[in-house]
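> Can you keep this structure in mind? I'll have questions shortly.
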Amino acid sequence: MESEFVLEMLDVTKKFPGVMALSNVDFRVKPGTVHALMGENGAGKSTLMKCLFGIYRMDQGTIIVKGKKSYFSSAADAMAAGVSMIHQELSNVPQRSVSQNIWLGREPLNKLHFIDHKKMTRDTSILLKSLNFDFDPSAKMADLSISQQQGCEIAKAVSYNASIVVMDEPTSSLTENEVEHLFSIIRDLRSRGVAIIYISHKMEEIFQIADFVTVMRDGHIIGTYPVAELSNDRLISLMVGRDTSHRFPLVESAIGDVCLEIKNLTSANPRSFKNISFELHRGEILGFGGLVGAQRTELMESIFGIREVADGEVIVRGVPLNKLTPQNTIRLGIGLVTEDRRNTGIFPLLNVTINTTIPSMGKYKNKIGLLDHRRLINDAHEQNRQLKTKALSMETLVQNLSGGNQQKVILSRWLMTVPEILIMDEPTRGIDVGTKYEIYTIMAELVRMGKSIIMVSSEMPELVGMSHRVVVLCEGRLTGILSKEEISQEAIMRYATQFS
Ligand SMILES: Nc1ncnc2c1ncn2[C@@H]1O[C@H](COP(=O)(O)OP(=O)(O)OP(=O)(O)O)[C@@H](O)[C@H]1O
Ligand SMILES: [Mg+2]
């Protein structure tokens, strides 16, 4: 008998040393639906998908694809059976072309058994057109934007005639328009009968795109629900296991003197930001709004001293910095929580303690100059406890943490340095809804102590809910500074799209 499900994962159990990542999980997906997989950081979402793809070996369980018991020993194996995954960490060969990447390992051959490049390019071109992508099949992968690279992986999945496509946090680096395009492709795939398994922490996306949602908590399935029958609040309480009434804490702080002044700052990169001027006060949370591509990250990295500036001044507590280097800015009490933990934040092969304490080691020297290990470890532990970092122990290697928990370690790192000025670039990206509130509470506490925060965020509610003022950038230009009374999603959007 034909099953009504395209995928059934039954009684799946996966244990890591000391952690039950999945306990007797049953997960069923119907064809032609978008099925969201949700849950707090470390709930087991990525692990479940990695078991499906044979990246992890499950300890127990059965996988049935299209009615047939299946075990894949690798992602390539799964792909050949029509099960593909669009990774968060894109897995292409950057130095090869789009078409080479798509047909890798199954290149069409001509009569002489050479690779038929013409056919490959032609097929790619047709494939890309059918998905409304307008980039060149012979373009080098490394030269494409994140969204285009993601597009290639989707095209590849389609070329394999995938019946199941898994997307793990696919929109985290996409612009608004790119998200819209992705959603139209998802809807198109759905209408062709493809099942899409969609992992995301963004509630709005789930309500926009998903038909069903399965909620996981601590390696267990809580339930599967039609999205139409769920409210936002109900979904959150299913995920965190309790009711959460407030999204944002009260931010009560005295706004003091100017502690950071940026004057006409211009990037050395002509395609980046120009002529940026603003002031940050003690006790203030200054939000930075804008669309992806507004150059906010570039601006923050320049202020912190890791990108070159061509012109302008950075003045810290009245003193102009004559040399912008991270050593100098850290010494002056500036911290930067980077948006991209993979490239600039985490040391995957080091443990949680070391990852947390690297920049604050200096503060833990005792009178005779020796490192006070006990205090260091205690504080690191306490900071991670506050953020609910889920790790087996402080000695666990960071590479073994879930995505969101790696982000929490980075946050803990900079909170431990207790900087005077903390620049937070997308501080809650990839963080579950339950923990976001914890992070907001810590931010509120910092400014209450007289510290200052710059918060770059693409989440409108967060900008509106937490900022004293919001600076808006559009294509590298400062287009508006909104006072508390002026802040609204509409106003931010208006300035963020000033030039389009
Ligand atoms: N390779 C590994 N070695 C040891 N433990 C692991 C490994 N991979 C995952 N875990 C643990 O398994 C649990 C589930 O992690 P998983 O990555 O599946 O979470 P997730 O739901 O995807 O979370 P996030 O939303 O943060 O990405 C976590 O406790 C994690 O620390
Ligand atoms: Mg994950």
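Starting from 1 in every chain, residues are counted up; chains themselves are A, B, ... following the order of the structure tokens, and ligands are numbered from 1 as listed.
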Show me which residues line ligand 1, defined as having an atom within 6 Å of a ligand atom where only C-alpha atoms and all ligand atoms count, and present them as a PyMOL selection string.

chain A and resi 16+21+40-47+391+400-405

> Take the residues from that selection and put them in a file with all heavy atoms, as an mmCIF file, in the first residue's frame.


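Printed below is part-v3.cif as written:
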```cif
data_model
loop_
_atom_site.group_PDB
_atom_site.id
_atom_site.type_symbol
_atom_site.label_atom_id
_atom_site.label_comp_id
_atom_site.auth_asym_id
_atom_site.auth_seq_id
_atom_site.Cartn_x
_atom_site.Cartn_y
_atom_site.Cartn_z
ATOM 1 N N PHE A 16 25.301 10.904 21.997
ATOM 2 C CA PHE A 16 26.696 11.321 21.977
ATOM 3 C C PHE A 16 27.225 11.084 23.384
ATOM 4 O O PHE A 16 26.429 10.988 24.317
ATOM 5 C CB PHE A 16 26.817 12.807 21.625
ATOM 6 C CG PHE A 16 26.463 13.113 20.200
ATOM 7 C CD1 PHE A 16 25.330 13.844 19.896
ATOM 8 C CD2 PHE A 16 27.261 12.662 19.165
ATOM 9 C CE1 PHE A 16 24.996 14.125 18.583
ATOM 10 C CE2 PHE A 16 26.935 12.939 17.845
ATOM 11 C CZ PHE A 16 25.807 13.664 17.560
ATOM 12 N N ALA A 21 21.022 12.951 22.285
ATOM 13 C CA ALA A 21 20.633 14.005 21.335
ATOM 14 C C ALA A 21 19.252 13.723 20.756
ATOM 15 O O ALA A 21 18.493 14.653 20.473
ATOM 16 C CB ALA A 21 21.676 14.124 20.241
ATOM 17 N N GLU A 40 14.292 24.664 20.730
ATOM 18 C CA GLU A 40 15.362 25.486 21.277
ATOM 19 C C GLU A 40 16.731 25.022 20.781
ATOM 20 O O GLU A 40 16.866 23.917 20.244
ATOM 21 C CB GLU A 40 15.318 25.417 22.804
ATOM 22 C CG GLU A 40 14.055 26.010 23.380
ATOM 23 C CD GLU A 40 14.087 26.053 24.900
ATOM 24 O OE1 GLU A 40 14.056 24.975 25.526
ATOM 25 O OE2 GLU A 40 14.146 27.159 25.455
ATOM 26 N N ASN A 41 17.728 25.840 20.999
ATOM 27 C CA ASN A 41 19.097 25.483 20.612
ATOM 28 C C ASN A 41 19.497 24.187 21.316
ATOM 29 O O ASN A 41 19.345 24.058 22.528
ATOM 30 C CB ASN A 41 20.080 26.594 21.004
ATOM 31 C CG ASN A 41 19.793 27.896 20.288
ATOM 32 O OD1 ASN A 41 19.661 28.938 20.901
ATOM 33 N ND2 ASN A 41 19.671 27.822 18.976
ATOM 34 N N GLY A 42 19.980 23.254 20.526
ATOM 35 C CA GLY A 42 20.413 21.990 21.094
ATOM 36 C C GLY A 42 19.283 20.975 21.231
ATOM 37 O O GLY A 42 19.467 19.913 21.822
ATOM 38 N N ALA A 43 18.107 21.273 20.711
ATOM 39 C CA ALA A 43 16.957 20.361 20.829
ATOM 40 C C ALA A 43 17.157 19.077 20.027
ATOM 41 O O ALA A 43 16.582 18.041 20.343
ATOM 42 C CB ALA A 43 15.676 21.061 20.378
ATOM 43 N N GLY A 44 17.974 19.140 18.973
ATOM 44 C CA GLY A 44 18.247 17.932 18.189
ATOM 45 C C GLY A 44 17.850 18.021 16.722
ATOM 46 O O GLY A 44 17.900 17.024 16.000
ATOM 47 N N LYS A 45 17.497 19.217 16.260
ATOM 48 C CA LYS A 45 17.008 19.382 14.886
ATOM 49 C C LYS A 45 18.070 18.998 13.859
ATOM 50 O O LYS A 45 17.823 18.189 12.960
ATOM 51 C CB LYS A 45 16.575 20.852 14.664
ATOM 52 C CG LYS A 45 15.558 21.340 15.675
ATOM 53 C CD LYS A 45 15.231 22.812 15.498
ATOM 54 C CE LYS A 45 16.381 23.777 15.717
ATOM 55 N NZ LYS A 45 16.838 23.939 17.098
ATOM 56 N N SER A 46 19.246 19.611 13.987
ATOM 57 C CA SER A 46 20.302 19.324 13.004
ATOM 58 C C SER A 46 20.750 17.873 13.105
ATOM 59 O O SER A 46 21.033 17.234 12.088
ATOM 60 C CB SER A 46 21.496 20.257 13.219
ATOM 61 O OG SER A 46 21.114 21.591 12.993
ATOM 62 N N THR A 47 20.798 17.352 14.320
ATOM 63 C CA THR A 47 21.214 15.962 14.502
ATOM 64 C C THR A 47 20.256 15.008 13.788
ATOM 65 O O THR A 47 20.678 14.058 13.121
ATOM 66 C CB THR A 47 21.289 15.615 16.002
ATOM 67 O OG1 THR A 47 22.227 16.494 16.619
ATOM 68 C CG2 THR A 47 21.727 14.185 16.222
ATOM 69 N N ALA A 391 25.910 22.656 26.966
ATOM 70 C CA ALA A 391 27.095 21.866 26.646
ATOM 71 C C ALA A 391 27.236 20.838 27.752
ATOM 72 O O ALA A 391 26.857 21.090 28.896
ATOM 73 C CB ALA A 391 28.332 22.752 26.586
ATOM 74 N N ASN A 400 31.415 20.585 18.918
ATOM 75 C CA ASN A 400 30.352 19.630 19.224
ATOM 76 C C ASN A 400 29.078 20.280 19.749
ATOM 77 O O ASN A 400 28.141 19.601 20.123
ATOM 78 C CB ASN A 400 30.845 18.603 20.245
ATOM 79 C CG ASN A 400 31.885 17.672 19.636
ATOM 80 O OD1 ASN A 400 31.976 17.566 18.416
ATOM 81 N ND2 ASN A 400 32.667 17.032 20.466
ATOM 82 N N LEU A 401 29.048 21.602 19.811
ATOM 83 C CA LEU A 401 27.830 22.284 20.252
ATOM 84 C C LEU A 401 26.927 22.530 19.045
ATOM 85 O O LEU A 401 27.378 22.628 17.916
ATOM 86 C CB LEU A 401 28.155 23.629 20.900
ATOM 87 C CG LEU A 401 29.077 23.634 22.110
ATOM 88 C CD1 LEU A 401 29.072 25.017 22.748
ATOM 89 C CD2 LEU A 401 28.647 22.605 23.127
ATOM 90 N N SER A 402 25.639 22.701 19.317
ATOM 91 C CA SER A 402 24.712 23.064 18.246
ATOM 92 C C SER A 402 25.009 24.497 17.819
ATOM 93 O O SER A 402 25.659 25.252 18.553
ATOM 94 C CB SER A 402 23.271 22.941 18.732
ATOM 95 O OG SER A 402 22.935 24.038 19.544
ATOM 96 N N GLY A 403 24.513 24.884 16.624
ATOM 97 C CA GLY A 403 24.784 26.209 16.070
ATOM 98 C C GLY A 403 24.488 27.337 17.043
ATOM 99 O O GLY A 403 25.323 28.219 17.273
ATOM 100 N N GLY A 404 23.304 27.323 17.620
ATOM 101 C CA GLY A 404 22.902 28.406 18.513
ATOM 102 C C GLY A 404 23.733 28.449 19.777
ATOM 103 O O GLY A 404 24.004 29.529 20.326
ATOM 104 N N ASN A 405 24.163 27.299 20.244
ATOM 105 C CA ASN A 405 24.974 27.280 21.461
ATOM 106 C C ASN A 405 26.387 27.794 21.219
ATOM 107 O O ASN A 405 27.008 28.366 22.105
ATOM 108 C CB ASN A 405 24.971 25.876 22.066
ATOM 109 C CG ASN A 405 23.673 25.606 22.797
ATOM 110 O OD1 ASN A 405 23.312 26.333 23.725
ATOM 111 N ND2 ASN A 405 22.929 24.610 22.361
#
```

> Using DSSP assignments from the backbone, pull out every residue in region 102-285 of chain A that falls under helix (DSSP H, G or I) and give it to me as number ranges by chain.

A: 102, 117-130, 141-143, 146-159, 176-191, 203-209, 227-229, 232-240

> Need the shell around region 154-160 of chain A: protein/DNA/RNA residues with any atom at most 7 Å away, counting only C-alpha atoms. Skip same-chain ones fewer than 4 positions apart. Format as a PDB file with all heavy atoms, in the first residue's frame?


```
ATOM      1  N   MET A  79      21.406  12.001  -1.874  1.00  0.00           N
ATOM      2  CA  MET A  79      21.114  12.834  -3.044  1.00  0.00           C
ATOM      3  C   MET A  79      20.674  11.970  -4.213  1.00  0.00           C
ATOM      4  O   MET A  79      19.703  12.278  -4.907  1.00  0.00           O
ATOM      5  CB  MET A  79      22.386  13.607  -3.413  1.00  0.00           C
ATOM      6  CG  MET A  79      22.187  14.630  -4.467  1.00  0.00           C
ATOM      7  SD  MET A  79      21.644  16.170  -3.750  1.00  0.00           S
ATOM      8  CE  MET A  79      23.021  17.208  -4.136  1.00  0.00           C
ATOM      9  N   ALA A  80      21.386  10.864  -4.425  1.00  0.00           N
ATOM     10  CA  ALA A  80      21.061   9.974  -5.536  1.00  0.00           C
ATOM     11  C   ALA A  80      19.667   9.377  -5.361  1.00  0.00           C
ATOM     12  O   ALA A  80      19.011   9.025  -6.339  1.00  0.00           O
ATOM     13  CB  ALA A  80      22.119   8.878  -5.644  1.00  0.00           C
ATOM     14  N   GLY A  82      17.209  11.088  -4.139  1.00  0.00           N
ATOM     15  CA  GLY A  82      16.241  12.177  -4.165  1.00  0.00           C
ATOM     16  C   GLY A  82      16.042  12.884  -2.840  1.00  0.00           C
ATOM     17  O   GLY A  82      15.036  13.540  -2.621  1.00  0.00           O
ATOM     18  N   SER A  84      17.805  15.711  -0.590  1.00  0.00           N
ATOM     19  CA  SER A  84      18.940  16.626  -0.557  1.00  0.00           C
ATOM     20  C   SER A  84      18.836  17.642   0.550  1.00  0.00           C
ATOM     21  O   SER A  84      17.771  17.894   1.101  1.00  0.00           O
ATOM     22  CB  SER A  84      19.184  17.335  -1.881  1.00  0.00           C
ATOM     23  OG  SER A  84      18.048  17.426  -2.613  1.00  0.00           O
ATOM     24  N   ILE A  86      20.129  21.550   1.751  1.00  0.00           N
ATOM     25  CA  ILE A  86      20.775  22.818   1.486  1.00  0.00           C
ATOM     26  C   ILE A  86      21.419  23.224   2.803  1.00  0.00           C
ATOM     27  O   ILE A  86      20.737  23.596   3.747  1.00  0.00           O
ATOM     28  CB  ILE A  86      19.743  23.897   1.055  1.00  0.00           C
ATOM     29  CG1 ILE A  86      18.775  23.344   0.012  1.00  0.00           C
ATOM     30  CG2 ILE A  86      20.441  25.155   0.569  1.00  0.00           C
ATOM     31  CD1 ILE A  86      19.392  22.902  -1.284  1.00  0.00           C
ATOM     32  N   ILE A 102      27.256  21.806 -10.098  1.00  0.00           N
ATOM     33  CA  ILE A 102      25.963  21.117 -10.146  1.00  0.00           C
ATOM     34  C   ILE A 102      26.108  19.682 -10.645  1.00  0.00           C
ATOM     35  O   ILE A 102      25.481  18.767 -10.147  1.00  0.00           O
ATOM     36  CB  ILE A 102      24.953  21.913 -11.002  1.00  0.00           C
ATOM     37  CG1 ILE A 102      24.598  23.214 -10.257  1.00  0.00           C
ATOM     38  CG2 ILE A 102      23.693  21.097 -11.303  1.00  0.00           C
ATOM     39  CD1 ILE A 102      23.617  24.104 -10.981  1.00  0.00           C
ATOM     40  N   LEU A 127      18.122  24.784 -16.429  1.00  0.00           N
ATOM     41  CA  LEU A 127      17.796  24.535 -15.018  1.00  0.00           C
ATOM     42  C   LEU A 127      17.649  25.855 -14.253  1.00  0.00           C
ATOM     43  O   LEU A 127      16.669  26.085 -13.542  1.00  0.00           O
ATOM     44  CB  LEU A 127      18.911  23.681 -14.420  1.00  0.00           C
ATOM     45  CG  LEU A 127      18.792  23.192 -12.994  1.00  0.00           C
ATOM     46  CD1 LEU A 127      17.588  22.273 -12.858  1.00  0.00           C
ATOM     47  CD2 LEU A 127      20.065  22.426 -12.609  1.00  0.00           C
ATOM     48  N   LEU A 128      18.628  26.730 -14.414  1.00  0.00           N
ATOM     49  CA  LEU A 128      18.612  27.999 -13.693  1.00  0.00           C
ATOM     50  C   LEU A 128      17.412  28.848 -14.118  1.00  0.00           C
ATOM     51  O   LEU A 128      16.754  29.464 -13.286  1.00  0.00           O
ATOM     52  CB  LEU A 128      19.918  28.772 -13.905  1.00  0.00           C
ATOM     53  CG  LEU A 128      21.176  28.132 -13.300  1.00  0.00           C
ATOM     54  CD1 LEU A 128      22.417  28.949 -13.652  1.00  0.00           C
ATOM     55  CD2 LEU A 128      21.061  27.983 -11.793  1.00  0.00           C
ATOM     56  N   GLN A 150      23.455  29.537  -2.706  1.00  0.00           N
ATOM     57  CA  GLN A 150      22.359  28.737  -2.190  1.00  0.00           C
ATOM     58  C   GLN A 150      21.458  28.300  -3.348  1.00  0.00           C
ATOM     59  O   GLN A 150      21.014  27.158  -3.404  1.00  0.00           O
ATOM     60  CB  GLN A 150      21.579  29.585  -1.200  1.00  0.00           C
ATOM     61  CG  GLN A 150      20.641  28.832  -0.325  1.00  0.00           C
ATOM     62  CD  GLN A 150      19.909  29.797   0.587  1.00  0.00           C
ATOM     63  OE1 GLN A 150      19.207  30.699   0.137  1.00  0.00           O
ATOM     64  NE2 GLN A 150      20.095  29.630   1.870  1.00  0.00           N
TER      65      GLN A 150
END
```

> Do a neighbour search on region 444-455 of chain A at 6 Å with only C-alpha atoms, toss out local chain neighbours closer than 3 positions, and write the hits as a list of chain:residue names.

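Near neighbours after the sequence-gap exclusion: A:Val251, A:Ser253, A:Arg282, A:Gly283, A:Glu284, A:Ile285, A:Leu286, A:Gly287, A:Phe288, A:Glu420, A:Ile421, A:Leu422, A:Ile423, A:Met424, A:Thr441.
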
> I'd like the contact shell of Met361 (chain A) - 9 Å cut-off, only C-alpha atoms, skipping same-chain residues fewer than 3 positions apart - returned as a short mmCIF file (atom, residue, chain, number, x, y, z; two decimals) with all heavy atoms, in the first residue's frame.


```cif
data_model
loop_
_atom_site.label_atom_id
_atom_site.label_comp_id
_atom_site.auth_asym_id
_atom_site.auth_seq_id
_atom_site.Cartn_x
_atom_site.Cartn_y
_atom_site.Cartn_z
N THR A 357 37.02 32.56 27.44
CA THR A 357 37.90 33.42 28.24
C THR A 357 39.05 34.07 27.48
O THR A 357 39.75 34.90 28.05
CB THR A 357 38.50 32.62 29.41
OG1 THR A 357 39.16 31.47 28.88
CG2 THR A 357 37.43 32.19 30.38
N ILE A 358 39.24 33.71 26.20
CA ILE A 358 40.41 34.20 25.47
C ILE A 358 40.71 35.70 25.68
O ILE A 358 41.80 36.04 26.12
CB ILE A 358 40.33 33.84 23.98
CG1 ILE A 358 40.77 32.39 23.83
CG2 ILE A 358 41.20 34.73 23.10
CD1 ILE A 358 40.60 31.82 22.45
N TYR A 364 42.59 38.10 34.82
CA TYR A 364 42.59 37.07 35.85
C TYR A 364 43.98 36.74 36.37
O TYR A 364 44.25 35.66 36.85
CB TYR A 364 41.88 35.81 35.34
CG TYR A 364 40.40 36.03 35.24
CD1 TYR A 364 39.83 36.59 34.10
CD2 TYR A 364 39.57 35.75 36.32
CE1 TYR A 364 38.47 36.83 34.02
CE2 TYR A 364 38.21 35.99 36.25
CZ TYR A 364 37.67 36.53 35.09
OH TYR A 364 36.33 36.79 35.03
N LYS A 365 44.88 37.71 36.23
CA LYS A 365 46.21 37.52 36.83
C LYS A 365 46.10 37.87 38.30
O LYS A 365 45.50 38.88 38.68
CB LYS A 365 47.20 38.47 36.15
CG LYS A 365 47.38 38.20 34.66
CD LYS A 365 48.72 37.56 34.38
CE LYS A 365 48.82 37.11 32.94
NZ LYS A 365 48.99 38.23 32.02
N LEU A 371 47.98 33.20 36.49
CA LEU A 371 46.57 33.13 36.11
C LEU A 371 45.77 32.47 37.24
O LEU A 371 46.12 31.40 37.73
CB LEU A 371 46.45 32.30 34.83
CG LEU A 371 45.17 32.45 34.04
CD1 LEU A 371 45.01 33.88 33.55
CD2 LEU A 371 45.19 31.49 32.85
N LEU A 376 38.71 32.21 36.94
CA LEU A 376 38.46 32.27 35.50
C LEU A 376 37.41 31.24 35.09
O LEU A 376 36.42 31.54 34.41
CB LEU A 376 39.78 32.01 34.77
CG LEU A 376 39.75 32.05 33.25
CD1 LEU A 376 39.91 33.48 32.79
CD2 LEU A 376 40.87 31.21 32.66
#
```

> Name the residues of region 40-102 of chain A that come out as strand (DSSP E or B) in a backbone DSSP run; write them as a PyMOL selection string.

chain A and resi 60-65+68-69+83-86+97

> Taking only C-alpha atoms and all ligand atoms into account, name the residue in A:Arg122, A:Lys484, A:His201, A:Lys66 that is nearest to ligand 2.

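Nearest candidate to ligand 2 out of A:Arg122, A:Lys484, A:His201, A:Lys66: A:His201.
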
> With only C-alpha atoms as the basis for distance, which of A:Val337, A:Ile55, A:Leu415, A:Val352 is at the shortest distance from Met394 (chain A)?

A:Val352

> Excluding same-chain residues fewer than 5 positions from Leu332 (chain A), what lies within 10 Å of it counting only C-alpha atoms, as a ChimeraX atom specification?

/A:316-317,321,326-327,419-421

> Store the residues picked out above, limited to C-alpha atoms, as a tab-separated table (two decimals), in the first residue's frame.


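File part-v7.tsv, as written:
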```
chain	number	residue	atom	x	y	z
A	316	VAL	CA	36.55	57.35	22.43
A	317	ARG	CA	35.58	59.35	25.54
A	321	LEU	CA	42.18	57.21	18.15
A	326	PRO	CA	41.64	45.75	17.52
A	327	GLN	CA	44.39	45.85	20.16
A	419	PRO	CA	33.42	46.15	27.89
A	420	GLU	CA	32.47	49.80	28.25
A	421	ILE	CA	31.14	49.69	24.71
```

> Which residues come within 7 Å of Leu22 (chain A), counting only C-alpha atoms, excluding same-chain residues fewer than 6 positions away, as a PyMOL selection string?

chain A and resi 12-15+44+219-220

> Just checking: using only C-alpha atoms and all ligand atoms, which residue out of A:Leu131, A:Met167, A:Val65, A:Ile315 ends up closest to ligand 2?

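Residue with the minimum atom-to-atom distance to ligand 2: A:Met167.
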
> Find the residue from A:Asn322, A:Thr171, A:Ser277, A:Ser200 that sits nearest to ligand 2; use only C-alpha atoms and all ligand atoms when measuring.

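Comparing A:Asn322, A:Thr171, A:Ser277, A:Ser200 against ligand 2, the winner is A:Ser200.
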
> For a quick check of understanding, using only C-alpha atoms and all ligand atoms, which of A:Met38, A:Ser138, A:Pro320, A:Lys111 has the smallest distance to ligand 2?

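The closest residue to ligand 2 is A:Met38.
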
> Could you state the separation of CA of Gln498 (chain A) and CA of Gln295 (chain A) in Å, given to one decimal place?

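A separation of 14.4 Å between them.
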
> So how many Å separate CA of Thr62 (chain A) and CA of Val83 (chain A), to one decimal?

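Separating CA of Thr62 (chain A) from CA of Val83 (chain A) is a distance of 15.7 Å.
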
> Please compute the CA of Glu176 (chain A)-CA of Val292 (chain A) distance, one decimal, in Å.

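CA of Val292 (chain A) lies at a distance of 7.7 Å from CA of Glu176 (chain A).
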
> Could you tell me which of A:Ile431, A:Leu324, A:Ala380, A:Leu336 comes closest to ligand 2 if we count only C-alpha atoms and all ligand atoms?

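Closest residue, counting only C-alpha atoms and all ligand atoms: A:Ile431.
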